[in-house]
$ cat start00.cif   # mmCIF, C-alpha atoms
data_start
loop_
_atom_site.label_atom_id
_atom_site.label_comp_id
_atom_site.auth_asym_id
_atom_site.auth_seq_id
_atom_site.Cartn_x
_atom_site.Cartn_y
_atom_site.Cartn_z
CA ALA A 30 92.56 99.79 97.50
CA GLY A 31 89.00 100.82 98.35
CA ALA A 32 87.57 99.61 95.04
CA THR A 33 89.40 96.29 95.31
CA GLY A 34 88.16 95.85 98.87
CA LEU A 35 84.58 96.54 97.85
CA LEU A 36 84.83 94.10 94.96
CA LEU A 37 86.17 91.42 97.29
CA ALA A 38 83.43 92.18 99.82
CA ASP A 39 80.81 91.81 97.09
CA ALA A 40 82.42 88.51 96.04
CA ALA A 41 82.35 87.26 99.64
CA LEU A 42 78.69 88.29 99.97
CA ALA A 43 77.76 86.50 96.74
CA ARG A 44 79.58 83.37 97.81
CA ALA A 45 78.02 83.39 101.29
CA LEU A 46 74.55 83.70 99.77
CA GLY A 47 75.22 80.96 97.20
CA TRP A 48 74.84 83.24 94.19
CA ARG A 49 76.40 82.16 90.90
CA HIS A 50 77.06 85.75 89.78
CA LEU A 51 78.61 88.72 91.47
CA LEU A 52 76.40 91.75 92.06
CA PRO A 53 78.29 94.95 92.94
CA LEU A 54 75.91 95.96 95.70
CA LEU A 55 78.51 97.34 98.11
CA ALA A 56 80.65 98.82 95.37
CA ILE A 57 77.72 100.86 94.08
CA GLY A 58 76.22 101.82 97.42
CA MET A 59 79.31 102.82 99.43
CA LYS A 60 80.55 106.38 99.28
CA GLN A 61 84.16 107.49 99.63
CA ARG A 62 83.55 108.90 103.10
CA ASP A 63 81.99 105.58 104.20
CA LEU A 64 85.26 103.81 103.51
CA ARG A 65 87.01 105.88 106.20
CA LYS A 66 84.63 104.70 108.92
CA ARG A 67 85.57 101.98 111.39
CA GLY A 68 83.77 99.53 113.65
CA ASP A 69 80.02 99.88 114.08
CA ASP A 70 79.89 102.98 111.89
CA LEU A 71 81.37 101.02 108.98
CA ARG A 72 79.01 98.12 109.62
CA LEU A 73 76.02 100.48 109.59
CA ALA A 74 77.27 102.14 106.37
CA CYS A 75 77.55 98.69 104.77
CA HIS A 76 73.98 97.82 105.80
CA HIS A 77 72.68 101.08 104.36
CA ALA A 78 74.64 100.56 101.13
CA LEU A 79 73.35 97.00 100.74
CA SER A 80 69.73 97.92 101.35
CA ALA A 81 69.81 100.88 98.95
CA SER A 82 71.69 98.95 96.26
CA ALA A 83 69.46 95.89 96.58
CA LEU A 84 66.37 98.07 96.17
CA ASP A 85 67.85 99.63 93.03
CA ALA A 86 68.80 96.18 91.69
CA VAL A 87 65.26 94.86 92.24
CA ARG A 88 63.78 97.88 90.45
CA LEU A 89 66.18 97.44 87.55
CA ALA A 90 65.43 93.71 87.34
CA ALA A 91 61.69 94.40 87.29
CA ASP A 92 62.16 96.98 84.54
CA LEU A 93 64.28 94.59 82.46
CA ALA A 94 61.75 91.80 82.94
CA ARG A 95 58.95 94.09 81.78
CA ARG A 96 60.95 95.20 78.75
CA GLY A 97 61.88 91.61 77.90
CA ALA A 98 58.23 90.58 78.10
CA ARG A 99 57.32 93.47 75.79
CA LEU A 100 59.94 92.32 73.29
CA GLN A 101 58.56 88.78 73.32
CA GLU A 102 55.05 90.19 72.99
CA VAL A 103 55.85 92.03 69.75
CA ALA A 104 57.94 89.18 68.29
CA PRO A 105 54.99 87.59 66.42
CA LYS A 106 54.38 90.90 64.63
CA LEU A 107 57.80 90.79 62.96
CA ARG A 108 57.99 89.39 59.44
CA ALA A 109 61.75 89.36 58.84
CA LYS A 110 63.21 85.89 58.33
CA GLY A 111 65.93 86.29 60.97
CA ALA A 112 63.72 88.08 63.48
CA SER A 113 63.60 85.19 65.97
CA GLY A 114 67.40 85.04 66.10
CA ALA A 115 67.53 88.80 66.54
CA ILE A 116 65.02 88.64 69.40
CA ASP A 117 67.18 86.01 71.12
CA MET A 118 70.21 88.26 70.74
CA PHE A 119 68.38 91.24 72.23
CA LEU A 120 67.30 89.13 75.20
CA THR A 121 70.80 87.79 75.93
CA ARG A 122 73.04 90.81 75.33
CA ASP A 123 73.31 94.26 76.82
CA ALA A 124 73.60 96.15 73.54
CA ILE A 125 73.42 95.16 69.88
CA ALA A 126 74.61 96.89 66.74
CA PRO A 127 72.37 96.19 63.74
CA ALA A 128 75.41 94.78 61.90
CA ALA A 129 75.62 91.99 64.51
CA LEU A 130 72.10 90.75 63.80
CA PRO A 131 71.61 87.67 61.58
CA LEU A 132 70.07 89.81 58.81
CA PRO A 133 71.33 91.86 55.87
CA ASP A 134 72.41 95.37 56.91
CA ARG A 135 69.36 97.23 55.64
CA ALA A 136 66.93 94.66 57.02
CA ALA A 137 68.68 94.76 60.41
CA ARG A 138 68.44 98.56 60.58
CA ARG A 139 64.77 98.45 59.59
CA LEU A 140 64.07 95.74 62.21
CA CYS A 141 65.73 97.84 64.91
CA ASP A 142 63.76 100.91 63.86
CA ARG A 143 60.55 98.87 63.93
CA LEU A 144 61.32 97.51 67.39
CA VAL A 145 61.95 101.05 68.65
CA ALA A 146 58.66 102.20 67.14
CA LEU A 147 56.86 99.31 68.87
CA GLY A 148 58.48 100.24 72.19
CA ALA A 149 60.27 96.90 72.50
CA VAL A 150 63.88 98.15 72.43
CA ARG A 151 65.66 101.45 72.95
CA GLU A 152 68.33 103.19 70.93
CA LEU A 153 71.13 103.60 73.45
CA THR A 154 73.65 105.92 71.79
CA GLY A 155 71.64 108.92 70.61
CA ARG A 156 73.67 109.11 67.40
CA ASP A 157 72.63 109.09 63.76
CA SER A 158 75.16 106.41 62.79
CA PHE A 159 76.78 103.45 64.52
CA ARG A 160 73.77 103.04 66.77
CA LEU A 161 73.43 100.50 69.55
CA TYR A 162 70.10 99.07 70.63
CA GLY A 163 69.09 97.24 73.79
CA VAL A 164 66.19 96.11 75.90
#
$ encode --input "start00.cif" --output "structure tokens"
Amino acid sequence: AGATGLLLADAALARALGWRHLLPLLAIGMKQRDLRKRGDDLRLACHHALSASALDAVRLAADLARRGARLQEVAPKLRAKGASGAIDMFLTRDAIAPAALPLPDRAARRLCDRLVALGAVRELTGRDSFRLYGV
């Protein structure tokens, strides 16, 4: 019930602020013990959760913007024919498997390795096979 309530509270907050997307600010910032509070104590816990979560969200957005700019910066250095389509996919998705890129398998793996070497994307899984890459 607590998770559902926090999700609905985040939805109400997003709607009140006119946002098109839901950000789980309360759901991330509230602790289990905060949910047992009532009245002014609950209100204060919500304010603390929102301010801490919003600060984390701004930091994450700044980091993603910087990483996206780096990816666009190295894009002209790529010679693969489907590199522009791959760059678009990296910028619009959370994680990409090389097999999903619009390139042959070997070329996609080499492109991902090159982007990692240039510092434009990160390998997210830490595995030797079935890797996922993302900004």
$ axis_aligned_box --input "start00.cif" --around "segment 70-87 of chain A" --padding-each-side "4 Å" --output "AutoDock Vina command-line options"
--center_x 73.3 --center_y 98.9 --center_z 101.8 --size_x 24.1 --size_y 16.1 --size_z 28.2
$ closest_residue --input "start00.cif" --among "A:Ile57, A:Ala112, A:Asp69, A:Ser80" --to "Arg139 of chain A" --atoms "only C-alpha atoms"
A:Ala112
$ resolve_selection --input "start00.cif" --expression "the PyMOL selection byres ((chain A and resi 127) around 10)" --output "list in words"
Ala115, Ala124, Ile125, Ala126, Ala128, Ala129, Leu130, Pro131, Leu132, Pro133, Asp134, Arg135, Ala136, Ala137, Arg138, Arg139, Leu140, Cys141, Asp142, Phe159, Arg160, Leu161 and Tyr162 of chain A
$ closest_residue --input "start00.cif" --among "A:Arg96, A:Lys60, A:Arg44, A:Lys110" --to "Ala78 of chain A" --atoms "all atoms listed in the file"
A:Lys60
$ resolve_selection --input "start00.cif" --expression "the PyMOL selection byres ((chain A and resi 64) around 12)" --output "ChimeraX atom specification"
/A:30-35,55-56,58-63,65-68,70-75,78
$ build_atoms --input "start00.cif" --residues "segment 83-104 of chain A" --atoms "N, CA, C and O atoms" --output "compact mmCIF listing (two decimals), in the coordinates of the input"
# COMPACT_ATOMS: atom_id res chain seq x y z
N ALA A 83 70.36 97.01 96.87
CA ALA A 83 69.46 95.89 96.58
C ALA A 83 68.12 96.40 96.07
O ALA A 83 67.55 95.82 95.13
N LEU A 84 67.63 97.48 96.64
CA LEU A 84 66.37 98.07 96.17
C LEU A 84 66.50 98.54 94.72
O LEU A 84 65.63 98.28 93.89
N ASP A 85 67.61 99.20 94.41
CA ASP A 85 67.85 99.63 93.03
C ASP A 85 67.96 98.44 92.08
O ASP A 85 67.46 98.47 90.96
N ALA A 86 68.64 97.37 92.53
CA ALA A 86 68.80 96.18 91.69
C ALA A 86 67.46 95.51 91.42
O ALA A 86 67.19 95.06 90.30
N VAL A 87 66.59 95.46 92.42
CA VAL A 87 65.26 94.86 92.24
C VAL A 87 64.44 95.70 91.26
O VAL A 87 63.76 95.16 90.39
N ARG A 88 64.51 97.01 91.39
CA ARG A 88 63.78 97.88 90.45
C ARG A 88 64.29 97.69 89.03
O ARG A 88 63.49 97.61 88.08
N LEU A 89 65.60 97.63 88.88
CA LEU A 89 66.18 97.44 87.55
C LEU A 89 65.79 96.07 86.97
O LEU A 89 65.44 95.97 85.79
N ALA A 90 65.81 95.04 87.81
CA ALA A 90 65.43 93.71 87.34
C ALA A 90 63.97 93.68 86.91
O ALA A 90 63.62 93.06 85.90
N ALA A 91 63.10 94.34 87.66
CA ALA A 91 61.69 94.40 87.29
C ALA A 91 61.50 95.14 85.97
O ALA A 91 60.71 94.71 85.12
N ASP A 92 62.25 96.22 85.79
CA ASP A 92 62.16 96.98 84.54
C ASP A 92 62.65 96.15 83.36
O ASP A 92 62.01 96.12 82.30
N LEU A 93 63.76 95.44 83.54
CA LEU A 93 64.28 94.59 82.46
C LEU A 93 63.33 93.44 82.15
O LEU A 93 63.15 93.07 80.98
N ALA A 94 62.72 92.87 83.16
CA ALA A 94 61.75 91.80 82.94
C ALA A 94 60.55 92.31 82.15
O ALA A 94 60.05 91.63 81.23
N ARG A 95 60.08 93.50 82.50
CA ARG A 95 58.95 94.09 81.78
C ARG A 95 59.33 94.38 80.34
O ARG A 95 58.56 94.08 79.41
N ARG A 96 60.51 94.91 80.11
CA ARG A 96 60.95 95.20 78.75
C ARG A 96 61.17 93.92 77.94
O ARG A 96 60.85 93.86 76.76
N GLY A 97 61.71 92.89 78.58
CA GLY A 97 61.88 91.61 77.90
C GLY A 97 60.55 90.98 77.52
O GLY A 97 60.40 90.42 76.43
N ALA A 98 59.57 91.09 78.40
CA ALA A 98 58.23 90.58 78.10
C ALA A 98 57.61 91.35 76.94
O ALA A 98 56.95 90.76 76.08
N ARG A 99 57.84 92.65 76.90
CA ARG A 99 57.32 93.47 75.79
C ARG A 99 57.96 93.04 74.48
O ARG A 99 57.29 92.95 73.45
N LEU A 100 59.25 92.77 74.50
CA LEU A 100 59.94 92.32 73.29
C LEU A 100 59.38 90.99 72.81
O LEU A 100 59.13 90.80 71.62
N GLN A 101 59.14 90.07 73.71
CA GLN A 101 58.56 88.78 73.32
C GLN A 101 57.11 88.93 72.87
O GLN A 101 56.64 88.16 72.03
N GLU A 102 56.43 89.93 73.38
CA GLU A 102 55.05 90.19 72.99
C GLU A 102 54.95 90.68 71.55
O GLU A 102 54.01 90.33 70.83
N VAL A 103 55.90 91.50 71.12
CA VAL A 103 55.85 92.03 69.75
C VAL A 103 56.53 91.11 68.75
O VAL A 103 56.41 91.34 67.54
N ALA A 104 57.22 90.08 69.20
CA ALA A 104 57.94 89.18 68.29
C ALA A 104 57.05 88.58 67.20
O ALA A 104 57.48 88.50 66.04
